[in-house]
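Peer 1: final-v9.cif (mmCIF, C-alpha atoms) pasted underneath:
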data_final
loop_
_atom_site.label_atom_id
_atom_site.label_comp_id
_atom_site.auth_asym_id
_atom_site.auth_seq_id
_atom_site.Cartn_x
_atom_site.Cartn_y
_atom_site.Cartn_z
CA MET A 7 -4.18 5.85 -1.63
CA LYS A 8 -0.92 4.57 -0.17
CA VAL A 9 -0.71 0.86 0.59
CA LEU A 10 1.68 -1.53 2.31
CA ILE A 11 1.49 -5.17 1.28
CA ASP A 12 3.18 -8.45 2.07
CA ILE A 13 3.08 -10.90 -0.82
CA CYS A 14 3.94 -14.61 -1.00
CA VAL A 15 3.73 -16.25 -4.44
CA ILE A 16 3.46 -20.07 -4.61
CA PRO A 17 3.89 -21.64 -8.08
CA MET A 18 2.00 -24.94 -8.40
CA GLY A 19 2.44 -27.85 -10.77
CA THR A 20 6.18 -27.20 -10.89
CA GLY A 21 9.04 -28.92 -9.06
CA ILE A 22 9.53 -28.77 -5.31
CA SER A 23 11.98 -25.87 -5.45
CA VAL A 24 10.36 -22.59 -6.42
CA SER A 25 13.18 -20.11 -5.78
CA GLU A 26 13.58 -19.43 -9.51
CA TYR A 27 10.01 -18.08 -9.61
CA ILE A 28 10.43 -16.06 -6.43
CA ALA A 29 13.57 -14.52 -7.91
CA GLU A 30 11.49 -13.51 -10.96
CA CYS A 31 9.09 -11.65 -8.64
CA GLN A 32 12.04 -9.87 -7.02
CA LYS A 33 13.02 -8.66 -10.50
CA VAL A 34 9.48 -7.39 -11.04
CA PHE A 35 9.56 -5.40 -7.79
CA LYS A 36 13.02 -4.04 -8.58
CA GLU A 37 11.87 -2.95 -12.05
CA SER A 38 8.78 -1.31 -10.53
CA GLY A 39 10.90 1.10 -8.51
CA LEU A 40 8.75 0.42 -5.44
CA THR A 41 10.33 0.15 -1.98
CA HIS A 42 10.43 -3.58 -1.16
CA THR A 43 12.14 -6.02 1.23
CA MET A 44 12.21 -9.79 0.91
CA HIS A 45 11.94 -12.09 3.93
CA ALA A 46 11.83 -15.88 4.14
CA PHE A 47 8.06 -16.06 3.53
CA GLY A 48 7.35 -13.19 1.19
CA THR A 49 8.11 -9.61 0.26
CA ASN A 50 6.97 -6.33 1.83
CA VAL A 51 6.10 -3.70 -0.79
CA GLU A 52 5.17 -0.05 -0.30
CA GLY A 53 3.65 2.51 -2.67
CA GLU A 54 0.56 3.89 -4.37
CA TRP A 55 -2.25 1.32 -4.61
CA ASP A 56 -2.37 1.18 -8.42
CA GLU A 57 1.40 0.85 -8.83
CA VAL A 58 1.67 -1.85 -6.17
CA PHE A 59 -1.14 -3.93 -7.66
CA ALA A 60 0.22 -3.47 -11.19
CA ALA A 61 3.40 -5.11 -9.87
CA VAL A 62 1.39 -7.92 -8.25
CA LYS A 63 -0.34 -8.62 -11.58
CA LYS A 64 3.01 -8.59 -13.37
CA CYS A 65 4.34 -11.18 -10.91
CA HIS A 66 1.54 -13.55 -11.93
CA GLU A 67 2.10 -12.89 -15.65
CA ARG A 68 5.85 -13.40 -15.41
CA VAL A 69 5.70 -16.51 -13.22
CA HIS A 70 3.22 -18.10 -15.63
CA LYS A 71 5.47 -17.12 -18.56
CA LEU A 72 8.42 -18.76 -16.81
CA GLY A 73 6.51 -22.05 -16.83
CA ALA A 74 4.28 -22.29 -13.78
CA PRO A 75 0.82 -23.47 -14.95
CA ARG A 76 -0.85 -22.47 -11.70
CA ILE A 77 -0.14 -19.91 -8.97
CA SER A 78 -1.49 -19.53 -5.45
CA THR A 79 -0.57 -16.19 -3.90
CA THR A 80 -1.36 -14.72 -0.50
CA ILE A 81 -1.28 -10.99 0.21
CA ARG A 82 -1.68 -8.97 3.39
CA ILE A 83 -2.79 -5.42 2.62
CA GLY A 84 -2.63 -2.46 4.97
CA THR A 85 -4.12 0.99 4.39
CA ARG A 86 -4.78 3.80 6.87
CA ILE A 87 -6.21 7.28 6.59
CA ASP A 88 -5.28 8.64 10.03
CA HIS A 89 -1.66 9.29 9.03
CA SER A 90 0.87 7.91 6.57
CA GLN A 91 3.10 5.03 7.64
CA THR A 92 5.99 3.35 5.85
CA LEU A 93 7.24 -0.22 6.22
CA GLU A 94 10.16 1.17 8.20
CA ASP A 95 7.81 3.09 10.53
CA LYS A 96 5.98 -0.14 11.39
CA ILE A 97 9.17 -1.89 12.47
CA LYS A 98 10.45 1.12 14.43
CA SER A 99 7.13 1.40 16.23
CA VAL A 100 7.39 -2.17 17.54
CA GLU A 101 11.09 -1.86 18.33
CA SER A 102 10.49 1.27 20.41
CA LYS A 103 8.09 -0.75 22.58
CA LEU A 104 10.74 -3.43 23.13
CA LYS A 105 13.39 -1.10 24.51
CA MET B 27 -6.37 -13.13 -17.11
CA LYS B 28 -9.10 -14.77 -15.05
CA VAL B 29 -8.59 -14.85 -11.31
CA LEU B 30 -10.23 -16.43 -8.27
CA ILE B 31 -9.68 -14.71 -4.93
CA ASP B 32 -10.67 -15.12 -1.32
CA ILE B 33 -10.73 -11.83 0.58
CA CYS B 34 -11.02 -11.09 4.30
CA VAL B 35 -11.20 -7.41 5.30
CA ILE B 36 -10.39 -6.47 8.92
CA PRO B 37 -11.20 -2.88 9.97
CA MET B 38 -8.92 -1.66 12.77
CA GLY B 39 -9.34 1.12 15.29
CA THR B 40 -13.09 0.56 15.34
CA GLY B 41 -15.27 -1.33 17.80
CA ILE B 42 -15.09 -5.08 18.34
CA SER B 43 -17.94 -5.87 15.96
CA VAL B 44 -17.04 -5.30 12.33
CA SER B 45 -20.05 -6.81 10.54
CA GLU B 46 -21.22 -3.38 9.36
CA TYR B 47 -17.98 -3.01 7.40
CA ILE B 48 -18.11 -6.54 6.02
CA ALA B 49 -21.68 -5.86 4.86
CA GLU B 50 -20.37 -2.79 3.01
CA CYS B 51 -17.89 -5.02 1.14
CA GLN B 52 -20.73 -7.37 0.21
CA LYS B 53 -22.49 -4.40 -1.34
CA VAL B 54 -19.35 -3.57 -3.31
CA PHE B 55 -19.14 -7.10 -4.70
CA LYS B 56 -22.86 -7.11 -5.52
CA GLU B 57 -22.55 -3.79 -7.35
CA SER B 58 -19.52 -5.11 -9.24
CA GLY B 59 -21.57 -7.84 -10.89
CA LEU B 60 -18.81 -10.36 -10.12
CA THR B 61 -19.67 -13.91 -9.01
CA HIS B 62 -19.04 -14.03 -5.25
CA THR B 63 -19.90 -16.11 -2.19
CA MET B 64 -19.44 -15.12 1.44
CA HIS B 65 -18.28 -17.58 4.11
CA ALA B 66 -17.57 -17.04 7.79
CA PHE B 67 -13.99 -15.85 7.19
CA GLY B 68 -14.16 -14.01 3.90
CA THR B 69 -15.61 -13.89 0.42
CA ASN B 70 -14.72 -15.86 -2.72
CA VAL B 71 -14.75 -13.69 -5.85
CA GLU B 72 -14.31 -14.72 -9.49
CA GLY B 73 -13.67 -12.67 -12.61
CA GLU B 74 -11.20 -10.81 -14.80
CA TRP B 75 -8.12 -9.66 -12.87
CA ASP B 76 -8.68 -5.93 -13.36
CA GLU B 77 -12.36 -6.03 -12.42
CA VAL B 78 -11.73 -8.14 -9.32
CA PHE B 79 -8.95 -5.88 -8.06
CA ALA B 80 -10.99 -2.75 -8.82
CA ALA B 81 -13.58 -4.20 -6.43
CA VAL B 82 -10.90 -4.93 -3.81
CA LYS B 83 -9.73 -1.31 -3.99
CA LYS B 84 -13.31 -0.10 -3.72
CA CYS B 85 -13.75 -2.19 -0.55
CA HIS B 86 -10.87 -0.32 1.07
CA GLU B 87 -12.19 3.06 -0.08
CA ARG B 88 -15.72 2.38 1.15
CA VAL B 89 -14.69 0.85 4.49
CA HIS B 90 -12.48 3.88 5.20
CA LYS B 91 -15.35 6.19 4.18
CA LEU B 92 -17.64 4.35 6.59
CA GLY B 93 -15.30 5.30 9.41
CA ALA B 94 -12.53 2.72 9.75
CA PRO B 95 -9.22 4.59 10.08
CA ARG B 96 -7.14 1.50 9.32
CA ILE B 97 -7.72 -1.73 7.40
CA SER B 98 -5.82 -5.00 7.36
CA THR B 99 -6.94 -7.29 4.53
CA THR B 100 -5.77 -10.74 3.51
CA ILE B 101 -6.30 -12.15 0.03
CA ARG B 102 -5.63 -15.55 -1.48
CA ILE B 103 -5.24 -15.32 -5.25
CA GLY B 104 -5.42 -18.19 -7.73
CA THR B 105 -4.60 -18.05 -11.44
CA ARG B 106 -3.95 -20.90 -13.88
CA ILE B 107 -3.13 -21.06 -17.58
CA ASP B 108 -3.63 -24.80 -18.18
CA HIS B 109 -7.42 -24.50 -18.28
CA SER B 110 -10.10 -22.21 -16.89
CA GLN B 111 -11.63 -23.06 -13.52
CA THR B 112 -14.51 -21.46 -11.65
CA LEU B 113 -15.11 -21.33 -7.90
CA GLU B 114 -17.80 -23.96 -8.40
CA ASP B 115 -15.38 -26.22 -10.31
CA LYS B 116 -12.96 -26.16 -7.37
CA ILE B 117 -15.60 -27.35 -4.92
CA LYS B 118 -16.95 -30.02 -7.29
CA SER B 119 -13.43 -31.31 -7.87
CA VAL B 120 -12.90 -31.96 -4.16
CA GLU B 121 -16.41 -33.34 -3.66
CA SER B 122 -15.92 -35.86 -6.48
CA LYS B 123 -12.87 -37.24 -4.60
CA LEU B 124 -14.94 -37.65 -1.44
CA LYS B 125 -17.63 -39.85 -3.01
CA MET C 8 -9.91 -21.06 24.46
CA LYS C 9 -12.37 -21.35 21.58
CA VAL C 10 -11.05 -20.59 18.11
CA LEU C 11 -12.43 -20.14 14.61
CA ILE C 12 -10.02 -20.75 11.74
CA ASP C 13 -10.03 -20.72 7.97
CA ILE C 14 -7.44 -23.05 6.47
CA CYS C 15 -6.16 -23.43 2.89
CA VAL C 16 -3.66 -26.24 2.26
CA ILE C 17 -1.51 -26.05 -0.90
CA PRO C 18 0.52 -29.19 -1.75
CA MET C 19 3.70 -28.36 -3.71
CA GLY C 20 5.87 -30.49 -5.95
CA THR C 21 2.82 -32.47 -7.05
CA GLY C 22 0.71 -32.19 -10.20
CA ILE C 23 -1.43 -29.18 -11.05
CA SER C 24 -4.61 -30.67 -9.62
CA VAL C 25 -4.58 -30.88 -5.85
CA SER C 26 -8.20 -31.85 -5.08
CA GLU C 27 -7.13 -35.32 -3.92
CA TYR C 28 -5.09 -33.72 -1.13
CA ILE C 29 -7.84 -31.26 -0.20
CA ALA C 30 -10.26 -34.19 0.02
CA GLU C 31 -7.84 -35.86 2.46
CA CYS C 32 -8.01 -32.77 4.69
CA GLN C 33 -11.82 -32.90 4.57
CA LYS C 34 -11.58 -36.47 5.88
CA VAL C 35 -9.31 -35.27 8.70
CA PHE C 36 -11.82 -32.59 9.73
CA LYS C 37 -14.71 -35.06 9.50
CA GLU C 38 -12.82 -37.56 11.68
CA SER C 39 -12.01 -34.80 14.19
CA GLY C 40 -15.70 -34.22 14.91
CA LEU C 41 -15.14 -30.46 14.68
CA THR C 42 -17.75 -28.21 13.03
CA HIS C 43 -16.37 -27.35 9.59
CA THR C 44 -17.51 -25.99 6.21
CA MET C 45 -15.55 -26.09 2.96
CA HIS C 46 -15.60 -23.22 0.47
CA ALA C 47 -13.76 -22.78 -2.81
CA PHE C 48 -10.58 -21.45 -1.15
CA GLY C 49 -10.40 -23.28 2.15
CA THR C 50 -12.30 -24.66 5.10
CA ASN C 51 -13.78 -22.91 8.14
CA VAL C 52 -13.24 -24.90 11.35
CA GLU C 53 -14.56 -24.19 14.85
CA GLY C 54 -13.62 -25.65 18.22
CA GLU C 55 -11.26 -25.68 21.18
CA TRP C 56 -7.79 -24.38 20.26
CA ASP C 57 -5.90 -27.62 20.96
CA GLU C 58 -8.36 -29.81 19.05
CA VAL C 59 -8.43 -27.49 16.05
CA PHE C 60 -4.65 -27.30 15.82
CA ALA C 61 -4.30 -31.05 16.32
CA ALA C 62 -6.44 -31.39 13.18
CA VAL C 63 -4.29 -28.84 11.33
CA LYS C 64 -1.16 -30.85 12.18
CA LYS C 65 -2.87 -34.05 11.06
CA CYS C 66 -3.69 -32.43 7.70
CA HIS C 67 0.02 -31.81 7.11
CA GLU C 68 0.95 -35.35 8.20
CA ARG C 69 -1.69 -36.98 6.00
CA VAL C 70 -1.05 -34.83 2.93
CA HIS C 71 2.68 -35.63 3.14
CA LYS C 72 1.84 -39.33 3.58
CA LEU C 73 -0.34 -39.16 0.47
CA GLY C 74 2.71 -38.08 -1.52
CA ALA C 75 3.13 -34.32 -1.34
CA PRO C 76 6.80 -33.56 -0.57
CA ARG C 77 6.08 -29.96 0.40
CA ILE C 78 3.06 -28.07 1.75
CA SER C 79 2.30 -24.37 1.98
CA THR C 80 -0.74 -23.65 4.15
CA THR C 81 -2.41 -20.39 5.09
CA ILE C 82 -4.62 -20.00 8.14
CA ARG C 83 -6.75 -17.15 9.43
CA ILE C 84 -7.32 -17.46 13.18
CA GLY C 85 -9.97 -15.65 15.20
CA THR C 86 -10.29 -15.60 18.99
CA ARG C 87 -12.30 -13.28 21.22
CA ILE C 88 -12.84 -13.00 24.95
CA ASP C 89 -15.75 -10.54 25.02
CA HIS C 90 -18.31 -13.22 24.14
CA SER C 91 -18.38 -16.53 22.30
CA GLN C 92 -19.12 -16.55 18.58
CA THR C 93 -19.63 -19.43 16.18
CA LEU C 94 -18.96 -19.55 12.45
CA GLU C 95 -22.72 -19.33 11.93
CA ASP C 96 -22.97 -16.25 14.18
CA LYS C 97 -20.41 -14.44 12.03
CA ILE C 98 -22.41 -14.99 8.85
CA LYS C 99 -25.73 -14.07 10.48
CA SER C 100 -24.20 -10.89 11.87
CA VAL C 101 -23.23 -9.68 8.39
CA GLU C 102 -26.51 -10.84 6.82
CA SER C 103 -28.54 -8.90 9.40
CA LYS C 104 -26.74 -5.72 8.27
CA LEU C 105 -27.64 -6.40 4.64
CA LYS C 106 -31.38 -6.65 5.20
CA MET D 25 8.06 -32.46 12.11
CA LYS D 26 9.95 -29.22 11.47
CA VAL D 27 7.92 -26.21 10.43
CA LEU D 28 8.55 -22.68 9.19
CA ILE D 29 5.79 -20.14 9.75
CA ASP D 30 5.10 -16.49 9.12
CA ILE D 31 2.67 -14.99 11.60
CA CYS D 32 0.83 -11.65 11.63
CA VAL D 33 -1.29 -10.88 14.71
CA ILE D 34 -3.98 -8.19 14.42
CA PRO D 35 -5.62 -7.07 17.70
CA MET D 36 -9.19 -5.82 17.16
CA GLY D 37 -11.40 -3.58 19.25
CA THR D 38 -8.34 -1.66 20.44
CA GLY D 39 -6.91 1.66 19.30
CA ILE D 40 -5.44 2.23 15.83
CA SER D 41 -1.86 1.61 16.93
CA VAL D 42 -1.17 -2.01 17.76
CA SER D 43 2.62 -2.01 18.16
CA GLU D 44 2.34 -2.64 21.91
CA TYR D 45 0.62 -5.98 21.16
CA ILE D 46 3.09 -6.92 18.45
CA ALA D 47 5.92 -6.21 20.87
CA GLU D 48 4.29 -8.62 23.34
CA CYS D 49 4.38 -11.35 20.65
CA GLN D 50 8.06 -10.63 20.07
CA LYS D 51 8.63 -11.27 23.77
CA VAL D 52 6.76 -14.58 23.47
CA PHE D 53 8.97 -15.70 20.59
CA LYS D 54 12.10 -14.58 22.43
CA GLU D 55 11.08 -16.50 25.55
CA SER D 56 10.31 -19.57 23.41
CA GLY D 57 13.94 -19.85 22.29
CA LEU D 58 12.78 -20.39 18.71
CA THR D 59 14.66 -18.81 15.78
CA HIS D 60 12.56 -15.85 14.65
CA THR D 61 12.85 -12.65 12.59
CA MET D 62 10.38 -9.78 12.52
CA HIS D 63 9.53 -7.91 9.32
CA ALA D 64 7.06 -5.08 8.71
CA PHE D 65 4.08 -7.42 8.26
CA GLY D 66 4.79 -10.31 10.59
CA THR D 67 7.39 -12.62 12.06
CA ASN D 68 9.11 -15.68 10.58
CA VAL D 69 9.48 -18.50 13.12
CA GLU D 70 11.29 -21.82 12.76
CA GLY D 71 11.21 -24.97 14.89
CA GLU D 72 9.46 -28.18 15.82
CA TRP D 73 5.72 -28.08 15.04
CA ASP D 74 4.52 -28.42 18.64
CA GLU D 75 6.89 -25.80 20.02
CA VAL D 76 6.06 -23.30 17.28
CA PHE D 77 2.31 -23.69 17.73
CA ALA D 78 2.63 -23.52 21.52
CA ALA D 79 4.20 -20.09 20.95
CA VAL D 80 1.38 -19.10 18.58
CA LYS D 81 -1.20 -20.02 21.22
CA LYS D 82 0.74 -18.08 23.84
CA CYS D 83 0.67 -14.99 21.58
CA HIS D 84 -3.13 -15.10 21.57
CA GLU D 85 -3.29 -15.63 25.34
CA ARG D 86 -0.88 -12.79 26.09
CA VAL D 87 -2.41 -10.31 23.63
CA HIS D 88 -5.85 -10.94 25.11
CA LYS D 89 -4.41 -10.54 28.63
CA LEU D 90 -2.88 -7.22 27.57
CA GLY D 91 -6.36 -5.97 26.77
CA ALA D 92 -7.32 -6.90 23.20
CA PRO D 93 -10.84 -8.35 23.27
CA ARG D 94 -10.52 -9.87 19.80
CA ILE D 95 -7.63 -11.08 17.65
CA SER D 96 -7.42 -11.88 13.94
CA THR D 97 -4.18 -13.65 13.04
CA THR D 98 -2.88 -14.94 9.72
CA ILE D 99 -0.23 -17.62 9.44
CA ARG D 100 1.64 -19.09 6.49
CA ILE D 101 2.92 -22.58 7.29
CA GLY D 102 5.59 -24.48 5.38
CA THR D 103 6.58 -28.12 5.88
CA ARG D 104 8.60 -30.41 3.60
CA ILE D 105 9.73 -34.01 3.84
CA ASP D 106 12.22 -34.11 0.94
CA HIS D 107 14.96 -32.35 2.93
CA SER D 108 15.19 -29.94 5.84
CA GLN D 109 15.23 -26.21 5.12
CA THR D 110 15.73 -23.26 7.43
CA LEU D 111 14.43 -19.71 7.06
CA GLU D 112 17.94 -18.68 6.10
CA ASP D 113 18.13 -21.41 3.43
CA LYS D 114 14.97 -20.06 1.79
CA ILE D 115 16.42 -16.57 1.44
CA LYS D 116 19.81 -17.82 0.20
CA SER D 117 18.09 -19.99 -2.38
CA VAL D 118 16.33 -16.98 -3.94
CA GLU D 119 19.39 -14.74 -3.65
CA SER D 120 21.54 -17.30 -5.50
CA LYS D 121 19.10 -17.09 -8.45
CA LEU D 122 19.41 -13.31 -8.53
CA LYS D 123 23.20 -13.23 -8.89
#
Represent the structure contained in this file as structure tokens.
Peer 2:
Amino acid sequence: MKVLIDICVIPMGTGISVSEYIAECQKVFKESGLTHTMHAFGTNVEGEWDEVFAAVKKCHERVHKLGAPRISTTIRIGTRIDHSQTLEDKIKSVESKLK
Amino acid sequence: MKVLIDICVIPMGTGISVSEYIAECQKVFKESGLTHTMHAFGTNVEGEWDEVFAAVKKCHERVHKLGAPRISTTIRIGTRIDHSQTLEDKIKSVESKLK
Amino acid sequence: MKVLIDICVIPMGTGISVSEYIAECQKVFKESGLTHTMHAFGTNVEGEWDEVFAAVKKCHERVHKLGAPRISTTIRIGTRIDHSQTLEDKIKSVESKLK
Amino acid sequence: MKVLIDICVIPMGTGISVSEYIAECQKVFKESGLTHTMHAFGTNVEGEWDEVFAAVKKCHERVHKLGAPRISTTIRIGTRIDHSQTLEDKIKSVESKLK
């Protein structure tokens, strides 16, 4: 099952700035080989369900290892069985309606 | 790694009422044996990471099988390594501050 | 326009325990007079759009005032124009399918 | 109070494709004059709290008017009082850690 997700990881019990931890998650997604794009509030990731969620788990493990005692993450998950759709398809679909 | 999640599954491309699909997810969580509590906007689930996310995946599989062509789910995920905390602990902690 | 929301407020740059801040939000909702129910990952709130979002804004103001330098909140928002639905209706609708 | 949000609007009780409704929200944000950027799972918006949430409310009103009987939206909200931060600052902060 293919899945598209949008993930936002919030380390807690750390300092105010959390960019170091977010950068660690970017490394996890890069290492995973999954298609991903960061925006100002999270990262879009695309792939097979098990691979995507293995990367999500690794984000939690690595952010804890880097020093965050607590993590609060939010994920949006999209699956569909009518036809396959990539992250890029979703954006193009909206943009075509705006022309 | 223990995890607490809050999951809200939204079937798309179906009718306006989606309670049949939400009920199916409740069955999945019941079958999983995981501690869980439903509220008006989702379900709190508690357990080992792999077991909890196996149940999340099963929700998507079963809701698609029931007829929803597309699903948009949101999940809040909490992990901590300073000490273990249950769903019940979280509520008690806030309630103790309100006394 | 009536709205049902589910709100989870995460103070950042504070200690690991955040229950003091969550309790402050419970006070805000109580003061607002809006129907609300807390669960382990947030609070369901029901009411007119402007009143509900005035309370959301007040949560941010009060949690900052209490000492949190940064806040990361997530909200699920539900509106419908086919018929009115309360938080209680949503739960009953799912429970009726489980009988 | 400045706020950064990430909003994802899901029309329910419509067809499987919802890009027409998402495009309508893009028009709302454009008309609002607020800084905003769309990604595959939502839109980042930046501005004064009241202006940003006026735009959020308008999204619901316009998507209902376009024909969606029910809407399920998720929003991530960020505020901070230690110093001001734009959407662009957030991305640069992570990117600087990845160099």
Peer 1: Step by step, work through what the PyMOL selection byres ((chain C and resi 20) around 8) selects in the shown file, and finish by giving those residues as a PyMOL selection string.
Peer 2: (chain A and resi 18-23) or (chain C and resi 18-19+21-22+75-77)
Peer 1: Could you please give me, as a list of chain:residue names, the residues of protein, DNA or RNA lying at most 7 Å from (-7.1, -12.8, 22.3) in the coordinate frame of the file, considering all atoms listed in the file?
Peer 2: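 Neighbouring residues, ordered by chain and number, come to C:Thr86, C:Arg87, C:Ile88, D:His84, D:Glu85, D:Val87, D:His88, D:Ala92, D:Pro93, D:Arg94, D:Ile95.
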Peer 1: What residues in chain D have any atom no more than 12 Å from chain A when counting all atoms listed in the file, and can you write them as a VMD selection string?
Peer 2: chain D and resid 28 to 34 39 to 52 54 60 to 70 97 to 107 109 to 123
Peer 1: Mind pulling up the distance from atom CA of Ala61 of chain C to atom CA of Lys9 of chain C?
Peer 2: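 Between atom CA of Lys9 of chain C and atom CA of Ala61 of chain C the gap is 13.7 Å.
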Peer 1: Hey, what comes out of the PyMOL selection byres ((chain D and resi 76) around 9) on this file? Could you write it as an NGL selection string?
Peer 2: :D and (27-29 or 53 or 56 or 58 or 69-75 or 77-81)
Peer 1: What does the structure give for the distance between atom CA of Ser91 of chain C and atom CA of Leu92 of chain B, in Å to one decimal?
Peer 2: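 Taking atom CA of Ser91 of chain C and atom CA of Leu92 of chain B, their separation equals 26.1 Å.
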Peer 1: Could you tell me how far atom CA of Glu38 of chain C lies from atom CA of Met8 of chain C, in Å and to one decimal?
Peer 2: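 Between atom CA of Glu38 of chain C and atom CA of Met8 of chain C the gap is 21.1 Å.
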